[in-house]
Amino acid sequence: MVMINPLISSIKLKKILDDSNLKILDSRWFLDENQKGLKDFQKSHIPNAIFFDIDKNSNKLIKIPHMIPKKSQFEKYLNENGISSKNLIVIYDQCGFFSSARVWFMLKYFGFENVKILEQGFQGWLKNNFPVTNVVKHPLKKKNNIVEKKALVKNKDFISKNLLNDNLLILDARSKERFLGIEREKRPNLNSGNIPGSINIPYTSLSKNGKFLKKHNLRKIFKKIMNFDNKKNIICTCGSGITACNIILALDILGFKNYNLYDGSWAEWGRK
């Protein structure tokens, strides 16, 4: 398995900040206040950063929160913001690994490879006293013709039909309390609990202080669960498809390619 490093530090990003090939996406997102990310971006952000709105960049035709957008919709966002697959794209959120992995996965879904996530996010950037601005720049438009890797996403029907299949491994990124049904779901009209046979890996267990765990520590977490069996079909889920991408990121760092996202996640499966 080939191991790659899709992470970048603030120090390294600062060194290439003026690179004309660099595109920075600000993906700050807050579950309880979906406009807070944009408001924070407008107040202060890394120079030349472009705001990525997870809610707007979603399929509004489906009555499940922030599902993967249509190809044409995503192309429109890329075109309007002058982003192409030739760019080095760096994504950050407020703390390092909350919503940034979701944007990383979306770009991967649409065929982008040269994508990195800023460790420690905007908080880490500020701690280093690196430059910020409130100036929103409008880059020159570009024309994209992106691909769509539909095999990376599985739906409810697929999981339901394969639930008793030994080759299916479902990993849930929600907190232990939500997974066990002890804590009530924040979204209305949802049952508590988990998908039968799923295993809990809280996304918060994969990083510490805004930094992803070292590879040997990530290996320990996954070895207990799957003993590095790369023949299983790994489905990652969470509340609504956001933090599940942190598990996918960890698997990708460790060289796994047999992962998928259940995009509807508990917002769909747990509906009353």
# chains A, B, ... in the order shown; residues from 1 in each chain; ligands from 1
>>> residues_around(residues="Phe98 (chain A)", least_positions_apart="4", cutoff="9 Å", atoms="only C-alpha atoms", output="list in words")
Arg28, Trp29, Asp93, Gln94, Arg102, Tyr203, Thr204, Ile242, Thr243 and Asn246 of chain A
>>> select_by_dssp(residues="region 63-257 of chain A", states="helix (DSSP H, G or I)", output="ChimeraX atom specification")
/A:71-80,100-109,121-127,150-152,156-162,176-180,203-206,215-226,244-253
>>> closest_residue(among="A:Cys95, A:Ile24, A:Ile170, A:Ile83", to="Lys127 (chain A)", atoms="only C-alpha atoms")
A:Cys95
>>> residues_around(residues="Asn57 (chain A)", least_positions_apart="6", cutoff="8 Å", atoms="only C-alpha atoms", output="tab-separated table (two decimals) with C-alpha atoms, in the first residue's frame")
chain	number	residue	atom	x	y	z
A	66	HIS	CA	-25.18	18.67	2.42
A	68	ILE	CA	-22.41	15.59	-2.69
A	69	PRO	CA	-23.36	18.24	-5.28
A	73	GLN	CA	-22.89	22.53	-9.73
A	74	PHE	CA	-19.38	21.76	-8.50
A	77	TYR	CA	-18.04	26.74	-8.19
>>> residues_around(residues="Asp32 (chain A)", least_positions_apart="5", cutoff="12 Å", atoms="only C-alpha atoms", output="count of residues only")
3
>>> closest_residue(among="A:Lys223, A:Val132, A:Met106, A:Asn21", to="Ile248 (chain A)", atoms="only C-alpha atoms")
A:Met106
>>> atom_distance(atom1="CA of Gly241 (chain A)", atom2="CA of Asn167 (chain A)")
21.6 Å
>>> residues_around(residues="region 121-125 of chain A", least_positions_apart="6", cutoff="8 Å", atoms="only C-alpha atoms", output="number ranges by chain")
A: 10, 45-46, 92-97, 210
>>> residues_around(residues="Asp166 (chain A)", least_positions_apart="6", cutoff="12 Å", atoms="only C-alpha atoms", output="PyMOL selection string")
chain A and resi 197-198+226+229+231-234
>>> decode(residues="region 63-79 of chain A", atoms="all heavy atoms", output="JSON list (two decimals), in the first residue's frame")
[["chain", "number", "residue", "atom", "x", "y", "z"],
["A", 63, "LYS", "N", -33.46, 15.78, 0.09],
["A", 63, "LYS", "CA", -33.86, 16.31, 1.39],
["A", 63, "LYS", "C", -33.04, 15.71, 2.54],
["A", 63, "LYS", "O", -33.55, 15.31, 3.58],
["A", 63, "LYS", "CB", -35.36, 16.02, 1.63],
["A", 63, "LYS", "CG", -36.28, 16.63, 0.59],
["A", 63, "LYS", "CD", -36.17, 18.15, 0.54],
["A", 63, "LYS", "CE", -37.13, 18.74, -0.48],
["A", 63, "LYS", "NZ", -37.01, 20.21, -0.58],
["A", 64, "ILE", "N", -31.75, 15.66, 2.32],
["A", 64, "ILE", "CA", -30.79, 15.21, 3.33],
["A", 64, "ILE", "C", -29.68, 16.26, 3.34],
["A", 64, "ILE", "O", -29.26, 16.71, 2.28],
["A", 64, "ILE", "CB", -30.21, 13.82, 2.99],
["A", 64, "ILE", "CG1", -31.34, 12.80, 2.80],
["A", 64, "ILE", "CG2", -29.26, 13.34, 4.10],
["A", 64, "ILE", "CD1", -30.87, 11.49, 2.23],
["A", 65, "PRO", "N", -29.20, 16.69, 4.51],
["A", 65, "PRO", "CA", -28.24, 17.79, 4.55],
["A", 65, "PRO", "C", -26.93, 17.52, 3.82],
["A", 65, "PRO", "O", -26.40, 16.42, 3.87],
["A", 65, "PRO", "CB", -28.00, 18.01, 6.05],
["A", 65, "PRO", "CG", -28.48, 16.78, 6.73],
["A", 65, "PRO", "CD", -29.56, 16.22, 5.87],
["A", 66, "HIS", "N", -26.45, 18.59, 3.15],
["A", 66, "HIS", "CA", -25.18, 18.67, 2.42],
["A", 66, "HIS", "C", -24.69, 17.37, 1.76],
["A", 66, "HIS", "O", -23.60, 16.88, 2.04],
["A", 66, "HIS", "CB", -24.06, 19.28, 3.28],
["A", 66, "HIS", "CG", -24.12, 18.94, 4.73],
["A", 66, "HIS", "ND1", -24.53, 19.82, 5.68],
["A", 66, "HIS", "CD2", -23.79, 17.82, 5.40],
["A", 66, "HIS", "CE1", -24.49, 19.27, 6.87],
["A", 66, "HIS", "NE2", -24.04, 18.06, 6.72],
["A", 67, "MET", "N", -25.50, 16.85, 0.87],
["A", 67, "MET", "CA", -25.09, 15.70, 0.06],
["A", 67, "MET", "C", -24.14, 16.19, -1.05],
["A", 67, "MET", "O", -24.14, 17.36, -1.42],
["A", 67, "MET", "CB", -26.31, 15.04, -0.56],
["A", 67, "MET", "CG", -27.28, 14.46, 0.47],
["A", 67, "MET", "SD", -26.70, 12.91, 1.19],
["A", 67, "MET", "CE", -27.09, 11.77, -0.12],
["A", 68, "ILE", "N", -23.34, 15.26, -1.60],
["A", 68, "ILE", "CA", -22.41, 15.59, -2.69],
["A", 68, "ILE", "C", -23.16, 16.33, -3.79],
["A", 68, "ILE", "O", -24.22, 15.87, -4.24],
["A", 68, "ILE", "CB", -21.78, 14.32, -3.27],
["A", 68, "ILE", "CG1", -20.87, 13.63, -2.24],
["A", 68, "ILE", "CG2", -21.00, 14.62, -4.55],
["A", 68, "ILE", "CD1", -19.52, 14.23, -2.05],
["A", 69, "PRO", "N", -22.65, 17.48, -4.24],
["A", 69, "PRO", "CA", -23.36, 18.24, -5.28],
["A", 69, "PRO", "C", -23.30, 17.57, -6.64],
["A", 69, "PRO", "O", -22.48, 16.69, -6.88],
["A", 69, "PRO", "CB", -22.59, 19.57, -5.31],
["A", 69, "PRO", "CG", -21.22, 19.22, -4.87],
["A", 69, "PRO", "CD", -21.40, 18.14, -3.84],
["A", 70, "LYS", "N", -24.18, 18.01, -7.52],
["A", 70, "LYS", "CA", -24.13, 17.55, -8.90],
["A", 70, "LYS", "C", -22.83, 18.02, -9.54],
["A", 70, "LYS", "O", -22.28, 19.06, -9.17],
["A", 70, "LYS", "CB", -25.32, 18.10, -9.69],
["A", 70, "LYS", "CG", -26.67, 17.55, -9.26],
["A", 70, "LYS", "CD", -26.86, 16.14, -9.76],
["A", 70, "LYS", "CE", -28.27, 15.64, -9.51],
["A", 70, "LYS", "NZ", -28.46, 14.24, -9.98],
["A", 71, "LYS", "N", -22.35, 17.26, -10.52],
["A", 71, "LYS", "CA", -21.11, 17.60, -11.22],
["A", 71, "LYS", "C", -21.15, 19.01, -11.79],
["A", 71, "LYS", "O", -20.20, 19.79, -11.66],
["A", 71, "LYS", "CB", -20.87, 16.57, -12.32],
["A", 71, "LYS", "CG", -19.60, 16.80, -13.14],
["A", 71, "LYS", "CD", -19.44, 15.67, -14.16],
["A", 71, "LYS", "CE", -18.27, 15.98, -15.08],
["A", 71, "LYS", "NZ", -18.63, 16.00, -16.47],
["A", 72, "SER", "N", -22.25, 19.38, -12.42],
["A", 72, "SER", "CA", -22.37, 20.70, -13.03],
["A", 72, "SER", "C", -22.32, 21.81, -11.98],
["A", 72, "SER", "O", -21.75, 22.88, -12.22],
["A", 72, "SER", "CB", -23.68, 20.80, -13.81],
["A", 72, "SER", "OG", -24.80, 20.55, -12.98],
["A", 73, "GLN", "N", -22.89, 21.55, -10.82],
["A", 73, "GLN", "CA", -22.89, 22.53, -9.73],
["A", 73, "GLN", "C", -21.48, 22.75, -9.19],
["A", 73, "GLN", "O", -21.06, 23.89, -8.96],
["A", 73, "GLN", "CB", -23.81, 22.06, -8.61],
["A", 73, "GLN", "CG", -23.92, 23.04, -7.44],
["A", 73, "GLN", "CD", -24.77, 22.48, -6.31],
["A", 73, "GLN", "OE1", -25.41, 21.45, -6.44],
["A", 73, "GLN", "NE2", -24.76, 23.16, -5.18],
["A", 74, "PHE", "N", -20.74, 21.65, -9.02],
["A", 74, "PHE", "CA", -19.38, 21.76, -8.50],
["A", 74, "PHE", "C", -18.47, 22.42, -9.53],
["A", 74, "PHE", "O", -17.60, 23.22, -9.17],
["A", 74, "PHE", "CB", -18.85, 20.37, -8.11],
["A", 74, "PHE", "CG", -17.70, 20.42, -7.14],
["A", 74, "PHE", "CD1", -17.91, 20.77, -5.82],
["A", 74, "PHE", "CD2", -16.41, 20.13, -7.55],
["A", 74, "PHE", "CE1", -16.85, 20.82, -4.92],
["A", 74, "PHE", "CE2", -15.35, 20.18, -6.67],
["A", 74, "PHE", "CZ", -15.58, 20.52, -5.34],
["A", 75, "GLU", "N", -18.66, 22.09, -10.78],
["A", 75, "GLU", "CA", -17.89, 22.72, -11.86],
["A", 75, "GLU", "C", -18.09, 24.23, -11.85],
["A", 75, "GLU", "O", -17.16, 25.00, -12.05],
["A", 75, "GLU", "CB", -18.30, 22.15, -13.22],
["A", 75, "GLU", "CG", -17.47, 20.99, -13.67],
["A", 75, "GLU", "CD", -17.81, 20.54, -15.08],
["A", 75, "GLU", "OE1", -18.79, 21.05, -15.65],
["A", 75, "GLU", "OE2", -17.11, 19.65, -15.59],
["A", 76, "LYS", "N", -19.32, 24.66, -11.63],
["A", 76, "LYS", "CA", -19.64, 26.08, -11.59],
["A", 76, "LYS", "C", -18.87, 26.78, -10.48],
["A", 76, "LYS", "O", -18.30, 27.87, -10.69],
["A", 76, "LYS", "CB", -21.14, 26.29, -11.40],
["A", 76, "LYS", "CG", -21.56, 27.75, -11.43],
["A", 76, "LYS", "CD", -23.07, 27.90, -11.23],
["A", 76, "LYS", "CE", -23.47, 29.38, -11.23],
["A", 76, "LYS", "NZ", -24.92, 29.56, -10.99],
["A", 77, "TYR", "N", -18.81, 26.15, -9.30],
["A", 77, "TYR", "CA", -18.04, 26.74, -8.19],
["A", 77, "TYR", "C", -16.56, 26.85, -8.56],
["A", 77, "TYR", "O", -15.93, 27.90, -8.34],
["A", 77, "TYR", "CB", -18.19, 25.90, -6.91],
["A", 77, "TYR", "CG", -17.26, 26.34, -5.80],
["A", 77, "TYR", "CD1", -17.58, 27.41, -4.98],
["A", 77, "TYR", "CD2", -16.03, 25.70, -5.61],
["A", 77, "TYR", "CE1", -16.71, 27.83, -3.98],
["A", 77, "TYR", "CE2", -15.17, 26.12, -4.62],
["A", 77, "TYR", "CZ", -15.50, 27.18, -3.81],
["A", 77, "TYR", "OH", -14.63, 27.60, -2.84],
["A", 78, "LEU", "N", -16.00, 25.80, -9.12],
["A", 78, "LEU", "CA", -14.59, 25.80, -9.51],
["A", 78, "LEU", "C", -14.31, 26.87, -10.56],
["A", 78, "LEU", "O", -13.34, 27.63, -10.46],
["A", 78, "LEU", "CB", -14.20, 24.42, -10.05],
["A", 78, "LEU", "CG", -14.28, 23.24, -9.08],
["A", 78, "LEU", "CD1", -14.08, 21.94, -9.84],
["A", 78, "LEU", "CD2", -13.25, 23.37, -7.96],
["A", 79, "ASN", "N", -15.18, 26.93, -11.58],
["A", 79, "ASN", "CA", -14.99, 27.89, -12.67],
["A", 79, "ASN", "C", -15.03, 29.33, -12.16],
["A", 79, "ASN", "O", -14.20, 30.16, -12.53],
["A", 79, "ASN", "CB", -16.07, 27.69, -13.74],
["A", 79, "ASN", "CG", -15.93, 26.37, -14.47],
["A", 79, "ASN", "OD1", -14.87, 25.73, -14.42],
["A", 79, "ASN", "ND2", -16.99, 25.96, -15.15]]
